[in-house]
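To start, the structure under review is shown below, and the notes come after it.
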Amino acid sequence: MATKKAVKKSAKKTPAKKAAKKTTAKKSTAKKSTRKYSPAAGKQVETEMREMKAGKLKSGRSGKKVTNPKQAIAIGLSEARKKGAKVPEKK
């Protein structure tokens with residue numbers, strides 16, 4: 001009797017997994033992908049992060065070294081905005 005219960009349980013699990021896969025596949029295809037930032041903006045942020053890690057990134061007027069990664073990202077996005085890349089406006 002124990003083997004019959006085990007067979008029934010495994011038979012019930014497989015259709016549920018298939019149904020879950022189908023619903024996730026439908027969601028991903030129906031959903032439109034709208035990017036907040038353009039690839040060019042991402043590259044600009046990458047270069048600014050590299051400069052910060054190398055110790056060459058400096059802030060605007062004061063010219064102090066930037067050590068905060070968040071500040072480096074902000075500088076990268078600002079530079080991307082100046083170049084005309086797709087970046088949302090500042091809050």
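Each chain of the structure tokens is named A, B, ... in the order shown, its residues numbered from 1; ligands are numbered from 1 in display order.
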
(message) Just want the 9 Å neighbourhood of Lys43 in chain A, counted on only C-alpha atoms, with same-chain residues fewer than 4 positions away dropped. Output as a PyMOL selection string.
(response) chain A and resi 38-39+47-48+76+80

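The protein and nucleic acid residues lying at most 12 Å from Glu46 in chain A are Pro39, Ala40, Met52, Lys53, Pro69, Ala72, Ile73, Ala74, Ile75, Gly76, Leu77, Glu79 and Ala80 of chain A, with only C-alpha atoms considered and sequence neighbours fewer than 6 positions away removed.
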